[in-house]
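Enquirer: Here's a structure for you.
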Amino acid sequence: MAAASAKPDAPLSKPLVFATSGLGGIFGWIVVHPFNTVAVRMNLANMAGGPPKSLGVFTSEIISKEGVSSLYAGIGAGCLRQVFYATSRLGLFETFRDIAAQYRKTDFAQRFTLASVSGGAAALISCPIEVCLVRMSNDASMAPEKRRGYTSVFDAIARITREEGPAAFYRGSQPFVMRAMVVGGTQVATYDQLKQIYAPLGNGFLNQFCSAMSAGLIYSLITMPLETAKNRMAFQVKDAVTGQLPYTSTLQTLRKISASEGVLSLWHGFLPYYGRCGGHTVTMFVFVDQLRIFYKAYVKK
């Protein structure tokens with residue numbers, strides 16, 4: 001009788017929803033940042049025209065030449081990106097979902113749409129930090145005379161504003177927003193569906209891990225070309241002779257890369273990219289859930 005009359009937990013306040021989303025995103029990013037560094041650098045290595053290398057060889061060369069700490073280049077920008085991206089993406093999704101639930105029962109199509117819109121909005125908000133992250137992660141791979149040498153994410157923000165103008169922060173925004181919308185939709189939709197498929201594993205961490213890694217594989221395959229386009233557009237510099245940027249739009253970037261380097265080059269650096277996507281999906285959701293459980297158990301009392 002007591003169990004039947006027990007009241008369900010009251011929903012968390014919106015500020016707490018946004019706060020735990022951002023903190024979970026930050027903690028998750030700290031775990032997977034090295035994968036992002038390797039993914040960005042492998043992806044942009046094609047621009048130099050060098051022969052493709054395996055993940056193991058590429059990573060060992062970075063460590064031998066620059067040290068293990070180089071894998072955490074741009075970690076400040078990565079964490080600051082999560083403050084804007086993860087906070088707004090998950091926070092907006094849960095807010096939109098709760099509002100929509102007042103009018104109709106939440107279904108697959110509704111969740112997919114709301115997650116896509118939330119992802120796109122979050123990408124637009126965090127795009128300036130994404131540009132800083134891409135540049136800082138790959139700067140050490142450039143020739144010394146071509147390095148930008150940002151000392152911190154705040155130095156990058158100040159110098160980009162001063163040297164290139166605010167518009168430079170939104171280079172690559174088209175593929176970034178498109179990728180975020182696809183990730184938002186496919187991540188939520190496939191994650192929920194896969195949790196049902198992996199139901200024999202139970203409802204604990206093993207189910208979460210397998211569902212998240214499988215969902216990460218699906219959306220990594222789909223979004224990698226957009227990630228490649230975003231990286232190229234964010235890292236590009238004007239031609240010294242013409243003064244023009246080599247990449248002007250998402251479609252033009254995809255076509256140019258495919259024509260000059262081959263279609264498969266759009267997936268160059270896929271393994272570390274998948275490690276980042278799948279790994280961050282697991283760690284982010286686990287951290288968010290644990291933060292909320294901790295709050296309800298110890299803080300809310």
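Identifiers for the structure tokens are assigned positionally: chains receive A, B, ... in sequence, residues are indexed from 1 per chain, and ligands are indexed from 1 in the order shown.
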Run DSSP on the backbone of this structure and report the residues of stretch 66-260 of chain A it assigns to alpha helix (DSSP H), as an MDAnalysis selection string.

Expert: chainID A and resid 66 75:101 108:138 153:164 173:197 205:235 250:260

Enquirer: Could you tell me which of A:Gly149, A:Pro225, A:Pro166, A:Gly262 comes closest to A:Met178 if we count only C-alpha atoms?

Expert: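 Looking at the shortest contact to A:Met178, the residue is A:Pro225.
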
Enquirer: Between A:Thr248, A:Thr59, A:Ala229, A:Arg97, which one has atoms that come closest to A:Arg41, using only C-alpha atoms?

Expert: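 Once distances to A:Arg41 are computed over only C-alpha atoms, the minimum belongs to A:Thr59.
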
Enquirer: Write out as a PyMOL selection string which residues come within 12 Å of A:Arg179 when counting only C-alpha atoms, dropping same-chain ones fewer than 4 positions away.

Expert: chain A and resi 116-117+119-124+127+172-175+183-187+219-231+250

Enquirer: Mind writing the picked residues with N, CA and C atoms as an mmCIF file, in the first residue's frame?

Expert:
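Full text of result10.cif as output:
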```
data_model
loop_
_atom_site.group_PDB
_atom_site.id
_atom_site.type_symbol
_atom_site.label_atom_id
_atom_site.label_comp_id
_atom_site.auth_asym_id
_atom_site.auth_seq_id
_atom_site.Cartn_x
_atom_site.Cartn_y
_atom_site.Cartn_z
ATOM 1 N N SER A 116 16.487 17.194 -33.211
ATOM 2 C CA SER A 116 17.180 17.810 -34.352
ATOM 3 C C SER A 116 17.194 19.326 -34.225
ATOM 4 N N VAL A 117 16.057 19.898 -33.864
ATOM 5 C CA VAL A 117 15.972 21.358 -33.703
ATOM 6 C C VAL A 117 16.876 21.821 -32.565
ATOM 7 N N GLY A 119 19.551 20.313 -31.416
ATOM 8 C CA GLY A 119 20.942 20.165 -31.834
ATOM 9 C C GLY A 119 21.396 21.285 -32.733
ATOM 10 N N GLY A 120 20.552 21.666 -33.690
ATOM 11 C CA GLY A 120 20.902 22.762 -34.589
ATOM 12 C C GLY A 120 21.049 24.082 -33.855
ATOM 13 N N ALA A 121 20.138 24.359 -32.925
ATOM 14 C CA ALA A 121 20.207 25.597 -32.150
ATOM 15 C C ALA A 121 21.467 25.625 -31.288
ATOM 16 N N ALA A 122 21.795 24.489 -30.668
ATOM 17 C CA ALA A 122 22.988 24.412 -29.826
ATOM 18 C C ALA A 122 24.256 24.623 -30.648
ATOM 19 N N ALA A 123 24.298 24.079 -31.853
ATOM 20 C CA ALA A 123 25.467 24.246 -32.717
ATOM 21 C C ALA A 123 25.652 25.706 -33.107
ATOM 22 N N LEU A 124 24.566 26.373 -33.420
ATOM 23 C CA LEU A 124 24.645 27.782 -33.798
ATOM 24 C C LEU A 124 25.164 28.615 -32.633
ATOM 25 N N CYS A 127 29.070 27.669 -32.130
ATOM 26 C CA CYS A 127 29.963 27.658 -33.295
ATOM 27 C C CYS A 127 31.260 28.454 -33.095
ATOM 28 N N GLY A 172 32.206 27.458 -41.393
ATOM 29 C CA GLY A 172 31.903 26.071 -41.073
ATOM 30 C C GLY A 172 30.617 25.909 -40.297
ATOM 31 N N SER A 173 29.868 27.001 -40.115
ATOM 32 C CA SER A 173 28.624 26.891 -39.342
ATOM 33 C C SER A 173 27.579 26.046 -40.074
ATOM 34 N N GLN A 174 27.556 26.113 -41.407
ATOM 35 C CA GLN A 174 26.574 25.324 -42.156
ATOM 36 C C GLN A 174 26.722 23.831 -41.892
ATOM 37 N N PRO A 175 27.892 23.246 -42.143
ATOM 38 C CA PRO A 175 28.012 21.805 -41.868
ATOM 39 C C PRO A 175 27.931 21.474 -40.391
ATOM 40 N N VAL A 183 22.944 14.537 -35.761
ATOM 41 C CA VAL A 183 23.371 13.860 -34.534
ATOM 42 C C VAL A 183 22.259 13.894 -33.496
ATOM 43 N N GLY A 184 21.647 15.070 -33.314
ATOM 44 C CA GLY A 184 20.579 15.185 -32.327
ATOM 45 C C GLY A 184 19.458 14.208 -32.586
ATOM 46 N N GLY A 185 19.022 14.137 -33.847
ATOM 47 C CA GLY A 185 17.935 13.234 -34.187
ATOM 48 C C GLY A 185 18.320 11.774 -34.097
ATOM 49 N N THR A 186 19.423 11.400 -34.754
ATOM 50 C CA THR A 186 19.800 9.990 -34.788
ATOM 51 C C THR A 186 20.273 9.488 -33.434
ATOM 52 N N GLN A 187 20.945 10.338 -32.672
ATOM 53 C CA GLN A 187 21.445 9.906 -31.371
ATOM 54 C C GLN A 187 20.297 9.549 -30.435
ATOM 55 N N TYR A 219 25.525 7.236 -36.118
ATOM 56 C CA TYR A 219 25.565 8.655 -36.477
ATOM 57 C C TYR A 219 26.960 9.134 -36.854
ATOM 58 N N SER A 220 28.004 8.401 -36.440
ATOM 59 C CA SER A 220 29.356 8.736 -36.886
ATOM 60 C C SER A 220 29.499 8.499 -38.390
ATOM 61 N N LEU A 221 28.985 7.364 -38.848
ATOM 62 C CA LEU A 221 29.029 7.054 -40.279
ATOM 63 C C LEU A 221 28.266 8.098 -41.092
ATOM 64 N N ILE A 222 27.114 8.523 -40.563
ATOM 65 C CA ILE A 222 26.274 9.467 -41.298
ATOM 66 C C ILE A 222 26.870 10.870 -41.298
ATOM 67 N N THR A 223 27.447 11.291 -40.173
ATOM 68 C CA THR A 223 27.846 12.697 -40.028
ATOM 69 C C THR A 223 29.309 12.982 -40.332
ATOM 70 N N MET A 224 30.134 11.944 -40.533
ATOM 71 C CA MET A 224 31.561 12.182 -40.754
ATOM 72 C C MET A 224 31.847 13.125 -41.924
ATOM 73 N N PRO A 225 31.166 13.002 -43.076
ATOM 74 C CA PRO A 225 31.421 13.970 -44.152
ATOM 75 C C PRO A 225 31.143 15.416 -43.745
ATOM 76 N N LEU A 226 30.105 15.627 -42.952
ATOM 77 C CA LEU A 226 29.811 16.977 -42.474
ATOM 78 C C LEU A 226 30.868 17.447 -41.489
ATOM 79 N N GLU A 227 31.388 16.530 -40.685
ATOM 80 C CA GLU A 227 32.483 16.858 -39.771
ATOM 81 C C GLU A 227 33.725 17.269 -40.554
ATOM 82 N N THR A 228 34.007 16.540 -41.626
ATOM 83 C CA THR A 228 35.145 16.882 -42.483
ATOM 84 C C THR A 228 34.982 18.268 -43.085
ATOM 85 N N ALA A 229 33.804 18.558 -43.609
ATOM 86 C CA ALA A 229 33.540 19.874 -44.199
ATOM 87 C C ALA A 229 33.662 20.965 -43.151
ATOM 88 N N LYS A 230 33.140 20.714 -41.958
ATOM 89 C CA LYS A 230 33.215 21.705 -40.878
ATOM 90 C C LYS A 230 34.661 21.999 -40.497
ATOM 91 N N ASN A 231 35.480 20.936 -40.363
ATOM 92 C CA ASN A 231 36.884 21.116 -40.001
ATOM 93 C C ASN A 231 37.635 21.920 -41.050
ATOM 94 N N THR A 250 28.905 24.260 -47.630
ATOM 95 C CA THR A 250 28.983 22.833 -47.308
ATOM 96 C C THR A 250 29.068 21.981 -48.569
#
```

Enquirer: Which residues are near stretch 20-32 of chain A? Cut-off 9 Å, only C-alpha atoms, ignore same chain within fewer than 3 positions. Put them as an NGL selection string.

Expert: :A and (15-17 or 35-36 or 72 or 75 or 78-91 or 275-277 or 279-292)

Enquirer: The selected residues should be written to file as a PDB file, in the first residue's frame (atoms: C-alpha atoms).

Expert:
```pdb
ATOM      1  CA  PRO A  15      18.043  25.619 -14.314  1.00  0.00           C
ATOM      2  CA  LEU A  16      19.113  22.281 -12.820  1.00  0.00           C
ATOM      3  CA  VAL A  17      18.307  20.445 -16.070  1.00  0.00           C
ATOM      4  CA  PHE A  35      40.019  11.143 -29.593  1.00  0.00           C
ATOM      5  CA  ASN A  36      38.831  14.512 -30.889  1.00  0.00           C
ATOM      6  CA  TYR A  72      44.854  17.555 -24.807  1.00  0.00           C
ATOM      7  CA  ILE A  75      40.981  21.148 -23.933  1.00  0.00           C
ATOM      8  CA  GLY A  78      36.541  21.786 -25.772  1.00  0.00           C
ATOM      9  CA  CYS A  79      35.183  22.242 -22.248  1.00  0.00           C
ATOM     10  CA  LEU A  80      33.948  25.759 -22.992  1.00  0.00           C
ATOM     11  CA  ARG A  81      32.199  24.385 -26.079  1.00  0.00           C
ATOM     12  CA  GLN A  82      30.328  21.927 -23.867  1.00  0.00           C
ATOM     13  CA  VAL A  83      29.212  24.789 -21.615  1.00  0.00           C
ATOM     14  CA  PHE A  84      27.301  26.151 -24.595  1.00  0.00           C
ATOM     15  CA  TYR A  85      26.666  23.044 -26.711  1.00  0.00           C
ATOM     16  CA  ALA A  86      25.773  20.303 -24.223  1.00  0.00           C
ATOM     17  CA  THR A  87      23.944  22.708 -21.917  1.00  0.00           C
ATOM     18  CA  SER A  88      21.732  24.077 -24.666  1.00  0.00           C
ATOM     19  CA  ARG A  89      21.328  20.825 -26.650  1.00  0.00           C
ATOM     20  CA  LEU A  90      20.107  18.603 -23.829  1.00  0.00           C
ATOM     21  CA  GLY A  91      18.487  21.423 -21.889  1.00  0.00           C
ATOM     22  CA  GLY A 275      35.773   6.964 -30.373  1.00  0.00           C
ATOM     23  CA  ARG A 276      34.872  10.553 -29.642  1.00  0.00           C
ATOM     24  CA  CYS A 277      31.188  10.210 -30.633  1.00  0.00           C
ATOM     25  CA  GLY A 279      32.639   7.570 -26.002  1.00  0.00           C
ATOM     26  CA  HIS A 280      31.105  10.974 -25.373  1.00  0.00           C
ATOM     27  CA  THR A 281      27.595   9.577 -25.742  1.00  0.00           C
ATOM     28  CA  VAL A 282      28.328   6.989 -23.033  1.00  0.00           C
ATOM     29  CA  THR A 283      30.178   9.262 -20.618  1.00  0.00           C
ATOM     30  CA  MET A 284      27.893  12.262 -21.067  1.00  0.00           C
ATOM     31  CA  PHE A 285      24.645  10.381 -20.420  1.00  0.00           C
ATOM     32  CA  VAL A 286      26.161   8.460 -17.494  1.00  0.00           C
ATOM     33  CA  PHE A 287      27.502  11.645 -15.889  1.00  0.00           C
ATOM     34  CA  VAL A 288      24.214  13.515 -16.426  1.00  0.00           C
ATOM     35  CA  ASP A 289      22.209  10.672 -14.884  1.00  0.00           C
ATOM     36  CA  GLN A 290      24.578  10.300 -11.938  1.00  0.00           C
ATOM     37  CA  LEU A 291      24.605  14.046 -11.231  1.00  0.00           C
ATOM     38  CA  ARG A 292      20.810  14.072 -11.134  1.00  0.00           C
TER      39      ARG A 292
END
```

Enquirer: So that I can check the surroundings of A:Tyr191, please list as a list in words every protein, DNA and RNA residue that reaches within 12 Å of it, counting only C-alpha atoms and ignoring chain neighbours fewer than 6 positions away.

Expert: Phe108, Arg111, Phe112, Val183, Gly184, Gly185, Ile197, Tyr198, Asn207, Gln208, Phe209, Cys210, Ser211, Ala212, Met213, Ser214, Ala215, Gly216, Leu217, Ile218, Tyr219, Gly278, Thr281, Val282 and Phe285 of chain A

Enquirer: Would you mind listing what lies within 8 Å of A:Pro128 as a ChimeraX atom specification, with only C-alpha atoms counted and same-chain residues fewer than 3 positions away left out?

Expert: /A:125,131-132,157,169-170

Enquirer: What is the atom CA of A:Ile63 to atom CA of A:Pro272 distance in Å?

Expert: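 Straight-line distance from atom CA of A:Ile63 to atom CA of A:Pro272 works out to 15.0 Å.
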
Enquirer: Work out how far atom CA of A:Ser141 is from atom CA of A:Ala45, in Å to one decimal.

Expert: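 That distance, rounded to one decimal, is 8.5 Å.
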